[in-house]
$ cat coords_29.txt   # compact mmCIF, C-alpha atoms
# COMPACT_ATOMS: atom_id res chain seq x y z
CA MET A 1 66.78 165.11 113.77
CA TYR A 2 64.87 162.62 111.60
CA GLU A 3 67.63 160.06 112.10
CA GLN A 4 67.38 160.45 115.88
CA ASN A 5 63.60 160.02 115.78
CA THR A 6 63.92 156.95 113.59
CA SER A 7 66.54 155.51 115.95
CA ARG A 8 64.32 156.21 118.95
CA GLU A 9 61.33 154.67 117.19
CA GLN A 10 63.40 151.58 116.39
CA GLU A 11 64.50 151.34 120.02
CA GLN A 12 60.88 151.70 121.18
CA ASN A 13 59.68 149.13 118.65
CA THR A 14 62.45 146.77 119.71
CA ALA A 15 61.59 147.28 123.37
CA GLU A 16 57.90 146.64 122.63
CA LEU A 17 58.76 143.48 120.72
CA LEU A 18 60.97 142.29 123.56
CA ASN A 19 58.17 143.03 126.05
CA HIS A 20 55.76 141.07 123.89
CA LEU A 21 58.24 138.19 123.69
CA GLU A 22 58.72 138.33 127.44
CA GLN A 23 54.95 138.30 128.07
CA ALA A 24 54.50 135.36 125.71
CA ILE A 25 57.15 133.40 127.60
CA ALA A 26 55.82 134.46 131.00
CA SER A 27 52.26 133.45 130.13
CA ALA A 28 53.26 130.21 128.39
CA ARG A 29 51.91 126.94 129.75
CA SER A 30 54.35 125.04 131.95
CA VAL A 31 55.41 121.53 131.10
CA PRO A 32 54.58 119.32 134.10
CA PHE A 33 57.50 118.29 136.30
CA SER A 34 60.01 120.59 134.57
CA SER A 35 61.03 124.23 134.32
CA ASN A 36 60.20 124.23 130.59
CA CYS A 37 57.23 125.89 129.00
CA MET A 38 55.29 125.52 125.77
CA VAL A 39 55.14 128.51 123.44
CA ASP A 40 53.56 129.06 120.07
CA ARG A 41 56.44 128.46 117.67
CA GLU A 42 54.89 130.55 114.89
CA GLU A 43 54.34 133.50 117.21
CA MET A 44 57.93 133.29 118.48
CA MET A 45 59.29 133.08 114.92
CA VAL A 46 57.25 136.15 113.93
CA LEU A 47 58.56 138.07 116.95
CA VAL A 48 62.15 137.09 116.20
CA SER A 49 61.67 138.07 112.57
CA MET A 50 60.24 141.43 113.60
CA LEU A 51 63.16 141.99 115.97
CA ARG A 52 65.58 141.17 113.15
CA ASP A 53 63.79 143.63 110.85
CA ASN A 54 64.03 146.25 113.57
CA LEU A 55 67.82 146.11 113.84
CA PRO A 56 69.50 149.52 113.57
CA ALA A 57 69.96 151.03 110.14
CA GLU A 58 73.65 151.48 110.96
CA LEU A 59 74.18 147.80 110.23
CA LYS A 60 72.70 148.22 106.75
CA GLN A 61 74.72 151.41 106.31
CA ALA A 62 77.92 149.61 107.24
CA ARG A 63 77.24 146.93 104.65
CA TRP A 64 76.44 149.60 102.07
CA LEU A 65 79.66 151.46 102.95
CA LEU A 66 81.73 148.34 102.49
CA GLU A 67 80.18 147.77 99.07
CA GLN A 68 80.79 151.40 98.14
CA ASN A 69 84.37 151.00 99.32
CA ARG A 70 84.87 148.01 97.04
CA GLN A 71 83.41 149.91 94.12
CA LEU A 72 85.58 152.97 94.79
CA ILE A 73 88.70 150.84 94.98
CA ALA A 74 87.78 149.12 91.71
CA GLU A 75 87.18 152.49 90.06
CA ALA A 76 90.47 153.82 91.45
CA ARG A 77 92.28 150.79 90.05
CA LYS A 78 90.66 151.25 86.65
CA GLU A 79 91.57 154.91 86.69
CA ALA A 80 95.12 154.04 87.72
CA GLU A 81 95.34 151.46 84.91
CA ASN A 82 94.06 154.02 82.42
CA MET A 83 96.58 156.54 83.68
CA ILE A 84 99.35 153.96 83.40
CA ARG A 85 98.35 153.11 79.83
CA GLU A 86 98.21 156.77 78.98
CA ALA A 87 101.61 157.38 80.55
CA GLU A 88 103.06 154.38 78.70
CA SER A 89 101.79 155.59 75.34
CA ARG A 90 103.20 159.08 76.02
CA MET A 91 106.47 157.57 77.11
CA THR A 92 106.70 155.47 73.94
CA ALA A 93 106.10 158.55 71.78
CA MET A 94 108.88 160.47 73.54
CA ILE A 95 111.37 157.66 74.06
CA ASP A 96 114.03 159.37 71.94
CA GLU A 97 114.33 162.31 74.28
CA HIS A 98 115.86 161.19 77.57
CA GLU A 99 114.58 164.05 79.74
CA ILE A 100 111.03 163.59 78.56
CA THR A 101 111.24 159.85 79.19
CA VAL A 102 112.47 160.40 82.75
CA LYS A 103 109.70 162.92 83.43
CA ALA A 104 107.03 160.60 82.07
CA ARG A 105 108.19 157.77 84.33
CA GLN A 106 108.21 160.07 87.34
CA GLN A 107 104.76 161.38 86.55
CA ALA A 108 103.40 157.85 86.05
CA GLY A 109 104.87 156.79 89.39
CA GLN A 110 103.40 159.82 91.14
CA THR A 111 100.02 159.20 89.55
CA ILE A 112 100.04 155.57 90.61
CA GLU A 113 101.12 156.48 94.13
CA ALA A 114 98.45 159.19 94.34
CA ALA A 115 95.77 156.75 93.14
CA ASN A 116 96.96 154.08 95.59
CA GLN A 117 97.05 156.58 98.45
CA SER A 118 93.56 157.81 97.60
CA ALA A 119 92.26 154.24 97.48
CA ARG A 120 93.89 153.48 100.86
CA GLN A 121 92.37 156.58 102.43
CA ILE A 122 88.90 155.77 101.11
CA ARG A 123 89.17 152.16 102.26
CA ASN A 124 90.51 153.09 105.70
CA GLY A 125 87.75 155.66 106.18
CA ALA A 126 85.05 153.18 105.22
CA ILE A 127 86.53 150.49 107.44
CA GLU A 128 86.77 152.88 110.39
CA TYR A 129 83.16 154.00 109.91
CA ALA A 130 81.98 150.39 109.65
CA ARG A 131 84.05 149.46 112.73
CA LYS A 132 82.44 152.26 114.76
CA ARG A 133 78.94 151.37 113.64
CA LEU A 134 79.47 147.67 114.31
CA ALA A 135 80.90 148.45 117.76
CA ASP A 136 77.79 150.55 118.54
CA LEU A 137 75.59 147.73 117.31
CA ASP A 138 77.57 145.23 119.40
CA GLU A 139 76.96 147.34 122.50
CA GLN A 140 73.25 147.60 121.77
CA LEU A 141 72.87 143.90 121.09
CA THR A 142 74.93 143.01 124.18
CA GLY A 143 72.64 145.20 126.27
CA MET A 144 69.58 143.53 124.79
CA LEU A 145 71.05 140.08 125.38
CA VAL A 146 71.89 140.90 128.99
CA MET A 147 68.35 142.17 129.52
CA ILE A 148 66.83 139.05 127.91
CA GLN A 149 69.05 136.76 129.99
CA LYS A 150 68.17 138.69 133.14
CA ASN A 151 64.45 138.44 132.34
CA LEU A 152 64.75 134.75 131.56
CA LYS A 153 66.59 134.22 134.84
CA GLU A 154 63.86 136.07 136.69
CA LEU A 155 61.23 133.93 135.01
CA ARG A 156 62.89 130.76 136.18
$ encode --input "coords_29.txt" --output "structure tokens"
Amino acid sequence: MYEQNTSREQEQNTAELLNHLEQAIASARSVPFSSNCMVDREEMMVLVSMLRDNLPAELKQARWLLEQNRQLIAEARKEAENMIREAESRMTAMIDEHEITVKARQQAGQTIEAANQSARQIRNGAIEYARKRLADLDEQLTGMLVMIQKNLKELR
């Protein structure tokens, strides 16, 4: 519920900022003998900065997820390396007994495969989540761009 309200507030704030930007452009002084206008650069930069700050939190979440994904993969690799070292030391201690050696190699292989599979699943899940969020953001930004272009066209 809070997330929906925050999203709605961001959309309203973004819409208000776009309206303010549109009004500033509409009320800007025209340059004689051209279709150009003069706007206050500082005001426009502030509005653009505010729009950038008002981008959806999903974008920040996607970046955070990617970083978490990298950390999880690194931890999984460290864990796999530790498991490998542990398996190697056990294998060395039992090298004289053939059955035990075979079992240790199998277990080490299974452990490595399980760690690799877990890392792949975590990575794929994070990538899919980021892909969905970025696609949603792309749609929102495309809609905003279309609206801005339409408004600019109307102003001309």
$ atom_distance --input "coords_29.txt" --atom1 "atom CA of Gln61 of chain A" --atom2 "atom CA of Ala130 of chain A"
8.1 Å
$ atom_distance --input "coords_29.txt" --atom1 "atom CA of Thr14 of chain A" --atom2 "atom CA of Met50 of chain A"
8.4 Å
$ residues_around --input "coords_29.txt" --residues "Arg63 of chain A" --least-positions-apart "2" --cutoff "12 Å" --atoms "all atoms listed in the file" --output "JSON list (two decimals) with C-alpha atoms, keeping the file's coordinate frame"
[["chain", "number", "residue", "atom", "x", "y", "z"],
["A", 57, "ALA", "CA", 69.96, 151.03, 110.14],
["A", 58, "GLU", "CA", 73.65, 151.48, 110.96],
["A", 59, "LEU", "CA", 74.18, 147.80, 110.23],
["A", 60, "LYS", "CA", 72.70, 148.22, 106.75],
["A", 61, "GLN", "CA", 74.72, 151.41, 106.31],
["A", 65, "LEU", "CA", 79.66, 151.46, 102.95],
["A", 66, "LEU", "CA", 81.73, 148.34, 102.49],
["A", 67, "GLU", "CA", 80.18, 147.77, 99.07],
["A", 68, "GLN", "CA", 80.79, 151.40, 98.14],
["A", 69, "ASN", "CA", 84.37, 151.00, 99.32],
["A", 70, "ARG", "CA", 84.87, 148.01, 97.04],
["A", 126, "ALA", "CA", 85.05, 153.18, 105.22],
["A", 127, "ILE", "CA", 86.53, 150.49, 107.44],
["A", 129, "TYR", "CA", 83.16, 154.00, 109.91],
["A", 130, "ALA", "CA", 81.98, 150.39, 109.65],
["A", 131, "ARG", "CA", 84.05, 149.46, 112.73],
["A", 133, "ARG", "CA", 78.94, 151.37, 113.64],
["A", 134, "LEU", "CA", 79.47, 147.67, 114.31]]
$ atom_distance --input "coords_29.txt" --atom1 "atom CA of Glu154 of chain A" --atom2 "atom CA of Ala24 of chain A"
14.4 Å
$ closest_residue --input "coords_29.txt" --among "A:Arg120, A:Lys153, A:Arg105, A:Lys132" --to "Ile73 of chain A" --atoms "only C-alpha atoms"
A:Arg120
$ closest_residue --input "coords_29.txt" --among "A:Glu128, A:Thr101, A:Thr142, A:Leu47" --to "His20 of chain A" --atoms "all atoms listed in the file"
A:Leu47
$ closest_residue --input "coords_29.txt" --among "A:Ile84, A:Ala119, A:Val31, A:Ala15" --to "Leu72 of chain A" --atoms "all atoms listed in the file"
A:Ala119
$ closest_residue --input "coords_29.txt" --among "A:Leu55, A:Met91, A:Ala115, A:Ala76" --to "Gln140 of chain A" --atoms "all atoms listed in the file"
A:Leu55
$ closest_residue --input "coords_29.txt" --among "A:Leu21, A:Val39, A:Ala87, A:Ala62" --to "Ile148 of chain A" --atoms "only C-alpha atoms"
A:Leu21
$ closest_residue --input "coords_29.txt" --among "A:Lys103, A:Lys150, A:Asn13, A:Pro56" --to "Leu137 of chain A" --atoms "only C-alpha atoms"
A:Pro56
$ residues_around --input "coords_29.txt" --residues "Ala28 of chain A" --least-positions-apart "2" --cutoff "10 Å" --atoms "all atoms listed in the file" --output "ChimeraX atom specification"
/A:22-26,30-31,36-40
$ residues_around --input "coords_29.txt" --residues "Met83 of chain A" --least-positions-apart "3" --cutoff "12 Å" --atoms "all atoms listed in the file" --output "ChimeraX atom specification"
/A:76-80,86-91,104-105,107-115
